[in-house]
Every structure is written in C-alpha cells, then in structure tokens.
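*Asks:* Take a look at model16.tsv, TSV, C-alpha atoms:
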```
chain	number	residue	atom	x	y	z
A	1	MET	CA	16.94	-30.31	-1.52
A	2	GLY	CA	17.73	-33.77	-0.20
A	3	GLY	CA	14.35	-35.22	-1.20
A	4	GLU	CA	12.63	-33.60	1.80
A	5	ARG	CA	8.87	-33.30	1.67
A	6	ILE	CA	8.14	-29.59	1.50
A	7	ALA	CA	5.14	-27.54	2.63
A	8	LEU	CA	4.87	-24.03	1.21
A	9	LEU	CA	3.60	-21.19	3.41
A	10	PHE	CA	2.44	-17.87	1.95
A	11	PRO	CA	2.21	-14.74	4.14
A	12	GLY	CA	-0.77	-12.45	4.50
A	13	GLN	CA	-1.34	-8.77	5.25
A	14	GLY	CA	0.96	-7.16	7.76
A	15	SER	CA	4.17	-8.55	6.21
A	16	GLN	CA	4.44	-5.80	3.57
A	17	VAL	CA	7.40	-3.40	3.81
A	18	VAL	CA	8.82	-0.72	1.50
A	19	GLY	CA	11.63	-2.22	-0.57
A	20	MET	CA	10.03	-5.68	-0.68
A	21	GLY	CA	11.27	-7.78	-3.59
A	22	LYS	CA	13.60	-5.20	-5.11
A	23	ASP	CA	16.72	-7.34	-4.58
A	24	LEU	CA	14.93	-10.33	-6.14
A	25	ALA	CA	14.14	-8.33	-9.29
A	26	GLU	CA	17.75	-7.17	-9.50
A	27	ARG	CA	19.19	-10.66	-9.01
A	28	PHE	CA	16.76	-13.02	-10.82
A	29	PRO	CA	15.29	-12.44	-14.33
A	30	GLU	CA	12.33	-14.76	-13.46
A	31	ALA	CA	11.45	-12.54	-10.51
A	32	ARG	CA	11.88	-9.35	-12.54
A	33	ALA	CA	9.40	-10.69	-15.11
A	34	VAL	CA	6.79	-11.19	-12.37
A	35	PHE	CA	7.04	-7.55	-11.21
A	36	GLN	CA	6.74	-6.35	-14.82
A	37	GLU	CA	3.68	-8.54	-15.34
A	38	ALA	CA	2.08	-7.15	-12.16
A	39	ASP	CA	2.49	-3.58	-13.40
A	40	GLU	CA	1.00	-4.51	-16.79
A	41	ALA	CA	-1.89	-6.52	-15.34
A	42	LEU	CA	-2.91	-3.77	-12.91
A	43	GLY	CA	-2.24	-0.82	-15.20
A	44	PHE	CA	-0.07	1.05	-12.69
A	45	ALA	CA	3.47	0.73	-11.30
A	46	LEU	CA	2.85	-1.55	-8.31
A	47	SER	CA	6.57	-2.40	-8.33
A	48	THR	CA	7.50	1.27	-7.78
A	49	LEU	CA	5.10	1.48	-4.83
A	50	MET	CA	6.57	-1.73	-3.38
A	51	TRP	CA	10.17	-0.59	-3.75
A	52	GLU	CA	9.88	3.13	-3.02
A	53	GLY	CA	6.68	3.57	-1.00
A	54	PRO	CA	5.23	5.62	0.59
A	55	ALA	CA	4.60	3.09	3.36
A	56	ASP	CA	1.08	4.34	4.22
A	57	GLU	CA	-0.01	3.86	0.60
A	58	LEU	CA	1.58	0.38	0.41
A	59	THR	CA	-0.25	-0.61	3.61
A	60	LEU	CA	-3.71	0.19	2.15
A	61	THR	CA	-5.46	-3.15	1.71
A	62	VAL	CA	-6.02	-2.56	-2.04
A	63	ASN	CA	-2.23	-2.25	-2.49
A	64	ALA	CA	-0.91	-4.56	0.23
A	65	GLN	CA	-2.80	-7.58	-1.12
A	66	PRO	CA	-1.42	-7.48	-4.70
A	67	ALA	CA	2.03	-6.46	-3.36
A	68	LEU	CA	2.27	-9.48	-1.08
A	69	LEU	CA	1.01	-11.86	-3.75
A	70	THR	CA	3.50	-10.41	-6.28
A	71	HIS	CA	6.43	-10.81	-3.88
A	72	SER	CA	5.44	-14.43	-3.17
A	73	ALA	CA	4.98	-15.14	-6.88
A	74	ALA	CA	8.41	-13.64	-7.67
A	75	VAL	CA	10.10	-15.92	-5.11
A	76	TRP	CA	8.12	-18.92	-6.39
A	77	ALA	CA	9.12	-18.13	-10.00
A	78	VAL	CA	12.74	-18.63	-8.93
A	79	LEU	CA	12.14	-21.64	-6.64
A	80	LYS	CA	9.94	-23.70	-8.93
A	81	ALA	CA	12.84	-24.55	-11.26
A	82	ALA	CA	14.48	-26.38	-8.34
A	83	ASP	CA	13.61	-29.99	-7.62
A	84	ILE	CA	11.21	-29.44	-4.74
A	85	ASP	CA	8.86	-32.19	-3.57
A	86	VAL	CA	5.82	-30.15	-2.51
A	87	VAL	CA	3.45	-32.17	-0.34
A	88	ALA	CA	1.08	-29.25	0.40
A	89	ALA	CA	0.74	-25.47	0.53
A	90	ALA	CA	-1.20	-23.03	2.65
A	91	GLY	CA	-1.49	-19.27	2.80
A	92	HIS	CA	-2.58	-17.02	5.64
A	93	SER	CA	-5.74	-15.22	4.48
A	94	LEU	CA	-4.61	-13.29	1.37
A	95	GLY	CA	-1.70	-15.79	1.15
A	96	GLU	CA	-4.14	-18.54	0.20
A	97	PHE	CA	-4.46	-16.90	-3.24
A	98	SER	CA	-0.66	-16.95	-3.54
A	99	ALA	CA	-0.77	-20.68	-2.71
A	100	TYR	CA	-3.29	-21.39	-5.47
A	101	HIS	CA	-1.18	-19.43	-7.95
A	102	ALA	CA	1.89	-21.50	-6.97
A	103	ALA	CA	-0.20	-24.68	-7.39
A	104	GLY	CA	-1.09	-23.63	-10.95
A	105	SER	CA	-4.79	-22.96	-10.31
A	106	LEU	CA	-4.58	-19.27	-11.26
A	107	SER	CA	-2.36	-17.51	-13.77
A	108	PHE	CA	-0.33	-14.72	-12.20
A	109	ALA	CA	-2.19	-11.94	-14.06
A	110	ASP	CA	-5.56	-13.36	-12.95
A	111	ALA	CA	-4.32	-13.83	-9.38
A	112	VAL	CA	-2.96	-10.30	-8.99
A	113	ARG	CA	-6.10	-8.72	-10.48
A	114	THR	CA	-8.28	-10.92	-8.27
A	115	VAL	CA	-6.56	-9.94	-5.02
A	116	ARG	CA	-6.59	-6.27	-6.04
A	117	ARG	CA	-10.35	-6.64	-6.47
A	118	ARG	CA	-10.59	-8.51	-3.16
A	119	GLY	CA	-8.84	-5.60	-1.47
A	120	GLU	CA	-11.30	-3.13	-3.02
A	121	LEU	CA	-14.27	-5.22	-1.91
A	122	MET	CA	-12.94	-5.60	1.64
A	123	LEU	CA	-12.33	-1.85	1.87
A	124	GLU	CA	-15.88	-1.17	0.61
A	125	SER	CA	-17.24	-3.63	3.20
A	126	GLY	CA	-15.27	-1.88	5.92
A	127	ASN	CA	-16.74	1.46	4.87
A	128	ALA	CA	-20.29	0.09	4.59
A	129	ARG	CA	-20.21	-1.47	8.06
A	130	PRO	CA	-17.18	-0.25	10.01
A	131	GLY	CA	-15.52	-2.74	12.28
A	132	THR	CA	-12.21	-3.54	13.88
A	133	MET	CA	-10.00	-6.35	15.18
A	134	ALA	CA	-7.95	-7.15	18.29
A	135	ALA	CA	-5.28	-9.71	19.16
A	136	VAL	CA	-5.94	-11.87	22.23
A	137	LEU	CA	-2.99	-13.49	24.02
A	138	GLY	CA	-3.03	-16.33	26.50
A	139	LEU	CA	-6.43	-17.97	26.05
A	140	ASP	CA	-7.53	-21.26	24.47
A	141	ASP	CA	-9.42	-21.04	21.17
A	142	GLU	CA	-12.61	-22.48	22.68
A	143	VAL	CA	-12.63	-19.93	25.52
A	144	VAL	CA	-12.24	-17.02	23.07
A	145	GLU	CA	-15.03	-18.46	20.93
A	146	GLY	CA	-17.35	-18.76	23.95
A	147	VAL	CA	-16.64	-15.23	25.23
A	148	CYS	CA	-17.19	-13.77	21.73
A	149	HIS	CA	-20.54	-15.52	21.54
A	150	GLU	CA	-21.47	-14.11	24.94
A	151	ALA	CA	-20.41	-10.55	23.95
A	152	SER	CA	-22.33	-10.55	20.66
A	153	THR	CA	-25.83	-9.16	20.18
A	154	GLU	CA	-28.10	-9.28	17.15
A	155	ASP	CA	-26.76	-6.03	15.71
A	156	SER	CA	-23.24	-5.98	17.21
A	157	VAL	CA	-21.12	-9.10	16.72
A	158	VAL	CA	-17.58	-10.23	17.51
A	159	VAL	CA	-16.07	-13.54	16.36
A	160	PRO	CA	-12.67	-15.27	16.31
A	161	ALA	CA	-11.02	-14.21	13.01
A	162	ASN	CA	-7.70	-16.06	13.25
A	163	PHE	CA	-6.60	-19.03	15.31
A	164	ASN	CA	-2.92	-18.24	14.66
A	165	THR	CA	-1.11	-20.31	17.30
A	166	PRO	CA	-2.15	-21.83	20.63
A	167	GLY	CA	-2.69	-18.82	22.87
A	168	GLN	CA	-2.79	-16.28	20.04
A	169	VAL	CA	-6.21	-15.52	18.60
A	170	VAL	CA	-7.45	-12.47	16.68
A	171	VAL	CA	-11.07	-11.36	17.15
A	172	SER	CA	-13.06	-9.29	14.68
A	173	GLY	CA	-16.41	-7.54	14.47
A	174	ASP	CA	-18.39	-4.37	15.10
A	175	ALA	CA	-16.31	-1.78	16.98
A	176	ALA	CA	-18.71	-1.72	19.94
A	177	ALA	CA	-18.61	-5.52	20.26
A	178	VAL	CA	-14.80	-5.67	20.02
A	179	GLU	CA	-14.62	-2.99	22.72
A	180	ARG	CA	-17.14	-4.89	24.83
A	181	VAL	CA	-15.37	-8.25	24.54
A	182	GLY	CA	-11.94	-6.94	25.66
A	183	PRO	CA	-12.60	-6.73	29.42
A	184	MET	CA	-14.59	-9.99	29.25
A	185	LEU	CA	-11.59	-11.78	27.71
A	186	VAL	CA	-9.29	-10.33	30.39
A	187	SER	CA	-11.73	-11.57	33.05
A	188	ALA	CA	-11.60	-15.00	31.39
A	189	GLY	CA	-7.79	-15.02	31.80
A	190	ALA	CA	-6.36	-13.30	28.69
A	191	LYS	CA	-2.87	-11.89	29.31
A	192	LYS	CA	-3.46	-9.09	26.84
A	193	VAL	CA	-6.06	-7.79	24.38
A	194	GLN	CA	-4.38	-5.55	21.79
A	195	PRO	CA	-6.45	-3.46	19.32
A	196	LEU	CA	-5.20	-3.72	15.72
A	197	ALA	CA	-4.96	-0.90	13.17
A	198	VAL	CA	-7.11	-2.32	10.35
A	199	SER	CA	-9.57	-0.91	7.82
A	200	GLY	CA	-12.33	-3.41	8.54
A	201	ALA	CA	-13.50	-6.45	10.47
A	202	PHE	CA	-11.85	-9.09	8.28
A	203	HIS	CA	-12.93	-12.75	8.58
A	204	SER	CA	-16.20	-11.84	10.25
A	205	PRO	CA	-19.86	-11.58	9.15
A	206	LEU	CA	-19.21	-7.86	8.44
A	207	MET	CA	-17.40	-8.93	5.24
A	208	ARG	CA	-20.53	-10.61	3.86
A	209	VAL	CA	-21.21	-7.70	1.47
A	210	ALA	CA	-17.92	-8.53	-0.31
A	211	GLU	CA	-18.91	-12.12	-1.09
A	212	ALA	CA	-20.92	-11.54	-4.29
A	213	GLY	CA	-18.19	-9.38	-5.81
A	214	LEU	CA	-15.42	-11.88	-5.05
A	215	GLN	CA	-17.59	-14.72	-6.35
A	216	ALA	CA	-18.12	-12.81	-9.61
A	217	GLN	CA	-14.39	-12.12	-9.91
A	218	LEU	CA	-13.44	-15.78	-9.32
A	219	ASP	CA	-16.14	-16.95	-11.76
A	220	ALA	CA	-14.65	-14.68	-14.43
A	221	VAL	CA	-11.17	-16.27	-14.33
A	222	ASN	CA	-9.88	-19.70	-15.26
A	223	PHE	CA	-9.39	-21.65	-12.02
A	224	ALA	CA	-7.78	-25.08	-12.51
A	225	ASP	CA	-7.44	-27.95	-10.03
A	226	PRO	CA	-4.28	-27.31	-7.98
A	227	ALA	CA	-1.21	-29.40	-8.90
A	228	PHE	CA	-0.64	-30.05	-5.19
A	229	ALA	CA	-3.03	-29.87	-2.24
A	230	VAL	CA	-3.73	-26.44	-0.74
A	231	VAL	CA	-4.88	-26.57	2.88
A	232	SER	CA	-7.92	-24.32	3.25
A	233	ASN	CA	-8.07	-21.57	5.89
A	234	VAL	CA	-11.79	-22.33	6.34
A	235	SER	CA	-11.68	-26.12	6.81
A	236	ALA	CA	-7.97	-26.70	7.58
A	237	GLN	CA	-8.29	-29.62	5.15
A	238	PRO	CA	-6.44	-30.26	1.86
A	239	VAL	CA	-8.21	-29.08	-1.29
A	240	THR	CA	-7.46	-30.60	-4.71
A	241	ASP	CA	-10.58	-29.52	-6.62
A	242	GLY	CA	-10.73	-26.11	-8.33
A	243	ALA	CA	-14.48	-25.64	-7.86
A	244	GLU	CA	-14.22	-26.39	-4.14
A	245	ALA	CA	-11.25	-24.01	-3.88
A	246	ARG	CA	-13.28	-21.18	-5.46
A	247	ARG	CA	-16.15	-21.72	-3.02
A	248	LEU	CA	-13.84	-21.80	0.01
A	249	LEU	CA	-12.00	-18.64	-1.06
A	250	VAL	CA	-15.35	-16.79	-0.98
A	251	ASP	CA	-16.29	-18.40	2.36
A	252	GLN	CA	-12.90	-17.33	3.71
A	253	LEU	CA	-13.99	-13.66	3.74
A	254	THR	CA	-16.38	-14.30	6.64
A	255	SER	CA	-14.78	-17.40	8.19
A	256	THR	CA	-12.09	-17.94	10.82
A	257	VAL	CA	-8.54	-18.55	9.53
A	258	ARG	CA	-7.74	-21.91	11.16
A	259	TRP	CA	-3.98	-21.56	10.88
A	260	THR	CA	-2.97	-23.71	13.88
A	261	HIS	CA	-5.01	-26.63	12.56
A	262	SER	CA	-3.76	-26.03	8.98
A	263	VAL	CA	-0.10	-26.41	9.99
A	264	ARG	CA	-0.93	-29.56	11.95
A	265	THR	CA	-2.72	-30.92	8.87
A	266	MET	CA	0.42	-30.37	6.77
A	267	LEU	CA	2.53	-32.21	9.37
A	268	GLN	CA	0.05	-35.11	9.21
A	269	MET	CA	0.42	-35.06	5.41
A	270	GLY	CA	4.14	-35.70	5.86
A	271	ALA	CA	5.63	-32.21	5.60
A	272	GLU	CA	9.24	-32.30	6.77
A	273	ARG	CA	10.21	-28.72	5.97
A	274	PHE	CA	8.25	-25.48	5.67
A	275	LEU	CA	9.24	-22.76	3.22
A	276	GLU	CA	7.75	-19.31	3.84
A	277	VAL	CA	7.56	-17.95	0.30
A	278	GLY	CA	7.48	-14.14	0.22
A	279	ALA	CA	7.64	-11.21	2.63
A	280	GLY	CA	8.80	-11.51	6.23
A	281	LYS	CA	9.02	-14.47	8.57
A	282	VAL	CA	5.79	-14.28	10.56
A	283	LEU	CA	4.62	-17.79	9.61
A	284	THR	CA	8.05	-19.35	10.21
A	285	GLY	CA	7.99	-17.77	13.68
A	286	MET	CA	4.60	-19.31	14.41
A	287	LEU	CA	5.67	-22.88	13.60
A	288	LYS	CA	7.32	-23.79	16.89
A	289	ARG	CA	4.41	-22.33	18.86
A	290	ILE	CA	1.97	-24.46	16.87
A	291	ASP	CA	3.75	-27.80	17.11
A	292	LYS	CA	7.06	-28.86	18.65
A	293	ALA	CA	7.40	-31.27	15.71
A	294	ALA	CA	7.71	-28.25	13.39
A	295	GLU	CA	10.35	-26.44	15.45
A	296	GLY	CA	13.44	-25.61	13.42
A	297	ARG	CA	11.84	-26.89	10.22
A	298	GLY	CA	10.88	-23.48	8.78
A	299	VAL	CA	12.91	-21.27	6.49
A	300	ALA	CA	11.90	-17.77	5.35
A	301	LEU	CA	12.54	-17.13	1.66
A	302	GLY	CA	11.86	-13.48	0.90
A	303	THR	CA	15.18	-11.91	-0.04
A	304	ALA	CA	17.57	-12.69	-2.90
A	305	GLU	CA	20.18	-13.75	-0.33
A	306	GLN	CA	17.79	-16.16	1.41
A	307	VAL	CA	16.62	-17.67	-1.88
A	308	GLU	CA	20.19	-18.04	-3.16
A	309	ALA	CA	21.33	-19.72	0.08
A	310	PHE	CA	18.42	-22.15	-0.09
A	311	LEU	CA	19.05	-23.01	-3.74
A	312	ASN	CA	22.73	-23.60	-2.93
A	313	GLY	CA	21.70	-25.95	-0.14
A	314	ALA	CA	23.15	-23.63	2.48
A	315	SER	CA	19.91	-22.85	4.26
```
Before anything else, please render the file you have as structure tokens.

*Replies:*
Amino acid sequence: MGGERIALLFPGQGSQVVGMGKDLAERFPEARAVFQEADEALGFALSTLMWEGPADELTLTVNAQPALLTHSAAVWAVLKAADIDVVAAAGHSLGEFSAYHAAGSLSFADAVRTVRRRGELMLESGNARPGTMAAVLGLDDEVVEGVCHEASTEDSVVVPANFNTPGQVVVSGDAAAVERVGPMLVSAGAKKVQPLAVSGAFHSPLMRVAEAGLQAQLDAVNFADPAFAVVSNVSAQPVTDGAEARRLLVDQLTSTVRWTHSVRTMLQMGAERFLEVGAGKVLTGMLKRIDKAAEGRGVALGTAEQVEAFLNGAS
C-alpha cells in the first residue's frame, strides 16, 4: 500500500444492483462468511436477494440498506488484513453505519440488524407523512438553502437533504413543497431539477417520527468508540466517541448530508487516497467535483477483481 494515508468511503442507497457481492463470496472465504452471517442475523436469505433479485425487491429501503452494508462489510473483511493506514472514514447516509462497523464500533450482526430496522422506520415515516426528493443541478448550496426556506410553509416544508458536490444538491420534503420549489430553483438559476423515485423524504423533518425507534435500536446494541475517526454526515467533523456517534446517527435522519464538506475534512486530515468500499463508484466519481486535490485519488473496491488488483498493488 506504499504507506499512503487512506480514507474509506462507504456508499449509500442507490448503489445496489442484483448480483452485488456474489463474486466476492465465491473468491474470498472472509467475504463469504459475512454473507452467511447476514442471512443468520436477519433470519432470511438476504444473500439470495442480493445475488438473484428481483431488482424491485432489492431496491426497497428495508432490503437495500442491509444489502449495501453487507456488501461493504464483505469487502472490508478482505481488505482489513492488508496493512492499510486508515486516517478517517465516512459513509453517505446509510454508508455511515458501514463506516462505524469498519471502525469496530458495531459488530456486523448488530450493524446489519440496525440498518434493517432503520429501513423499516424510514419506510413507516414515509407512509405516515408522504414526501419526496429532487436533485438540483447548477446552484450553490446557500442559494438552494435560501430558496427552500422561501418555499416552505408551516405545514409543507422542503430542505436541502444532501450537499453532494458543488453544484449538486438534493432537496427533500412534503410533495407539495418539493413541487413548489422546483420552478423557484430554476428561476434562481438551476440548470435542472430532477424528481427522484424514493419512498420518503429522507434527511428532512418528515423523518422525525423514525428518531425514537432508531434511538431505541442503537441503545440496545453495544456501540464502542471507533478505532479511527468517522466523519459525520451531520457535522462534517471527525467523531471518535461512541456516545457522540450514536447521537449523530439519530440526528442524521432529519439532517442534511454534508458530503462535500466531509470529503474536504478528510483531505485536511491528511487523506492521500480514497477507497470506496462496497457497491458502485458513485462516491469515487464525486471526488474530483468536490476538490481538485482529490482528483485521481479514488479507487472503487466492490468486485473481487477490483479488490484483488488493489491487494496486489495493481490498482
């Protein structure tokens, strides 16, 4: 690994795909053990759903969340034996739980059951107060924030849900407010406002009804101090205390994912290379748009071939 200072990135919802992780299980016994443990911990064959589908069932938030965490954990189970100098980790939304598992805060069984529960709670919240989300391209974060504030009323709110990269923000809230804010954002200079197919208004006040349930779930599991700093979605600051991590993971349900700032924090902490641990390459793709200093420093590690190449120093 050449002694490089590594930051770990863990993907969130949207990166799931039928077949995810199958080649890892076939190639690496450590990965295979993770998939077996997931099936046992959840009491159903999550691995079969991940490898064979159907896609619409895998995409349901109650399944996508444990599937993505399991894939990330399977890759990490193989990587962690290598001599990697991890300076920090961060995960996008659901991926933050994967990051805390990698940092040793949560056992895998507790982590996979927790995110399954989180998915259930988020789905229930979406049913209790239906909402939606939309991607906004071409506007500064502050402008989006201001327009959302302007478009919100007491009983119909829209807020920034993700600051993903400069010029790419996701907004979230009541359907009427998201519909209302679209033309306002275009008037403010947005190149495009694209509705997203989601089951709820994630990272908005509409998720507040899920907070007590997630708090209870996190209180019921052993949550240790992380072995390396995890940069919080909520604060974009490094967290090294288990109790603080627990609190921020609950806050994350209704807070903006400050991803742009989180990546910049990891660069300030000395990260020289970014490993995207798990499904897809969404976060690797975002790096160069976030900071020129991170361009070319990311590597996606989701397939057996990618992991093998990295371990052989051929990445």

*Asks:* Looking at A:Val193, A:Ala89, A:Ala38, A:Leu106, which one is nearest to Gly138 of chain A, with distances taken over only C-alpha atoms?

*Replies:* A:Val193

*Asks:* Fewer than 3 positions away in the same chain doesn't count, so skip those; otherwise give me all residues within 8 Å of Ala161 of chain A, counting only C-alpha atoms, as a list in words.

*Replies:*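 The filter keeps Val169, Val170, Val171, Ser172, Phe202, His203, Ser204, Ser255, Thr256 and Val257 of chain A.
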
*Asks:* From the list A:Asn312, A:Gln237, A:Gln306, A:Ser187, which residue is nearest Met269 of chain A when using only C-alpha atoms?

*Replies:*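 Using only C-alpha atoms, the shortest distance to Met269 of chain A belongs to A:Gln237.
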
*Asks:* Can you pull out the residues contacting Leu185 of chain A? Cut-off 10 Å, using all atoms listed in the file, and skip same-chain residues under 3 positions away; I want them as a PyMOL selection string.

*Replies:* chain A and resi 136-139+143-144+146-148+151+180-182+188-193

*Asks:* When distances are computed from all atoms listed in the file, which of A:Ala67, A:Thr260, A:Leu8, A:Gly91 shows the smallest separation from Asp140 of chain A?

*Replies:* A:Thr260

*Asks:* Which residues are close to Ala102 of chain A, i.e. within 9 Å by only C-alpha atoms, leaving aside same-chain residues fewer than 4 positions away? Reply as a PyMOL selection string.

*Replies:* chain A and resi 72-73+76-77+80+89+97-98+106-108+226-227

*Asks:* Pick from A:Val221, A:Ala279, A:Met122, A:Ile6: nearest to Ala109 of chain A, with only C-alpha atoms counted?

*Replies:*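 Closest to Ala109 of chain A, using only C-alpha atoms: A:Val221.
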
*Asks:* Counting only C-alpha atoms, which residues in segment 47-144 of chain A sit no more than 7 Å from segment 18-32 of chain A? For each one, give the nearest pair of atoms and the distance in Å, sorted by chain then residue number, as a tab-separated table.

*Replies:*
```
residue	atom	partner	partner_atom	distance
A:Met50	CA	A:Val18	CA	5.5
A:Trp51	CA	A:Gly19	CA	3.9
A:Glu52	CA	A:Val18	CA	6.0
A:Gly53	CA	A:Val18	CA	5.4
A:Ala55	CA	A:Val18	CA	6.0
A:His71	CA	A:Gly21	CA	5.7
A:Ala74	CA	A:Ala31	CA	4.3
A:Val75	CA	A:Ala31	CA	6.5
A:Ala77	CA	A:Glu30	CA	5.8
A:Val78	CA	A:Glu30	CA	6.0
```

*Asks:* Using only C-alpha atoms, pick whichever of A:Leu79, A:Ile84, A:Leu9, A:Val115 has the shortest atom-to-atom distance to Ala309 of chain A.

*Replies:*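 Checking each candidate against Ala309 of chain A, we get A:Leu79 as the closest.
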
*Asks:* Using all atoms listed in the file, which protein or nucleic acid residues come within 10 Å of Thr265 of chain A? Drop anything in the same chain fewer than 2 positions from it, and give the result as a list in words.

*Replies:*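 The residues satisfying every condition are Ala88, Val231, Ala236, Gln237, Pro238, Trp259, Thr260, His261, Ser262, Val263, Leu267, Gln268, Met269, Gly270 and Ala271 of chain A.
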
*Asks:* Got a sec: who's within 10 Å of Ala229 of chain A, counting all atoms listed in the file, leaving out chain neighbours fewer than 4 positions off, as an NGL selection string?

*Replies:* :A and (7 or 86-90 or 99-100 or 103 or 225 or 237-241 or 266 or 269)

*Asks:* Could you state the separation of atom CA of Ala300 of chain A and atom CA of Phe10 of chain A in Å, given to one decimal place?

*Replies:*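 Distance between the two atoms: 10.1 Å.
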
*Asks:* Looking at all atoms listed in the file, which of A:Met207, A:Leu42, A:Arg297, A:Leu58 is the one that sits closest to Gly285 of chain A?

*Replies:* A:Arg297

*Asks:* So how far away is atom CA of Arg116 of chain A from atom CA of Pro54 of chain A, in Å?

*Replies:*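 These two atoms are separated by 18.0 Å.
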
*Asks:* What's the separation between atom CA of Leu60 of chain A and atom CA of Val17 of chain A, in Å to one decimal place?

*Replies:*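 About the pair atom CA of Leu60 of chain A and atom CA of Val17 of chain A: they are 11.8 Å apart.
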
*Asks:* Select all residues near (-2.4, -1.1, 4.6) (cut-off 9 Å, inclusive, file coordinates), counting all atoms listed in the file, and output them as a PyMOL selection string.

*Replies:* chain A and resi 13-14+16+55-65+197-199

*Asks:* Please write the residues from the selection above to a file, keeping C-alpha atoms, as an mmCIF file, in the coordinates of the input.

*Replies:*
```cif
data_model
loop_
_atom_site.group_PDB
_atom_site.id
_atom_site.type_symbol
_atom_site.label_atom_id
_atom_site.label_comp_id
_atom_site.auth_asym_id
_atom_site.auth_seq_id
_atom_site.Cartn_x
_atom_site.Cartn_y
_atom_site.Cartn_z
ATOM 1 C CA GLN A 13 -1.340 -8.770 5.250
ATOM 2 C CA GLY A 14 0.960 -7.160 7.760
ATOM 3 C CA GLN A 16 4.440 -5.800 3.570
ATOM 4 C CA ALA A 55 4.600 3.090 3.360
ATOM 5 C CA ASP A 56 1.080 4.340 4.220
ATOM 6 C CA GLU A 57 -0.010 3.860 0.600
ATOM 7 C CA LEU A 58 1.580 0.380 0.410
ATOM 8 C CA THR A 59 -0.250 -0.610 3.610
ATOM 9 C CA LEU A 60 -3.710 0.190 2.150
ATOM 10 C CA THR A 61 -5.460 -3.150 1.710
ATOM 11 C CA VAL A 62 -6.020 -2.560 -2.040
ATOM 12 C CA ASN A 63 -2.230 -2.250 -2.490
ATOM 13 C CA ALA A 64 -0.910 -4.560 0.230
ATOM 14 C CA GLN A 65 -2.800 -7.580 -1.120
ATOM 15 C CA ALA A 197 -4.960 -0.900 13.170
ATOM 16 C CA VAL A 198 -7.110 -2.320 10.350
ATOM 17 C CA SER A 199 -9.570 -0.910 7.820
#
```
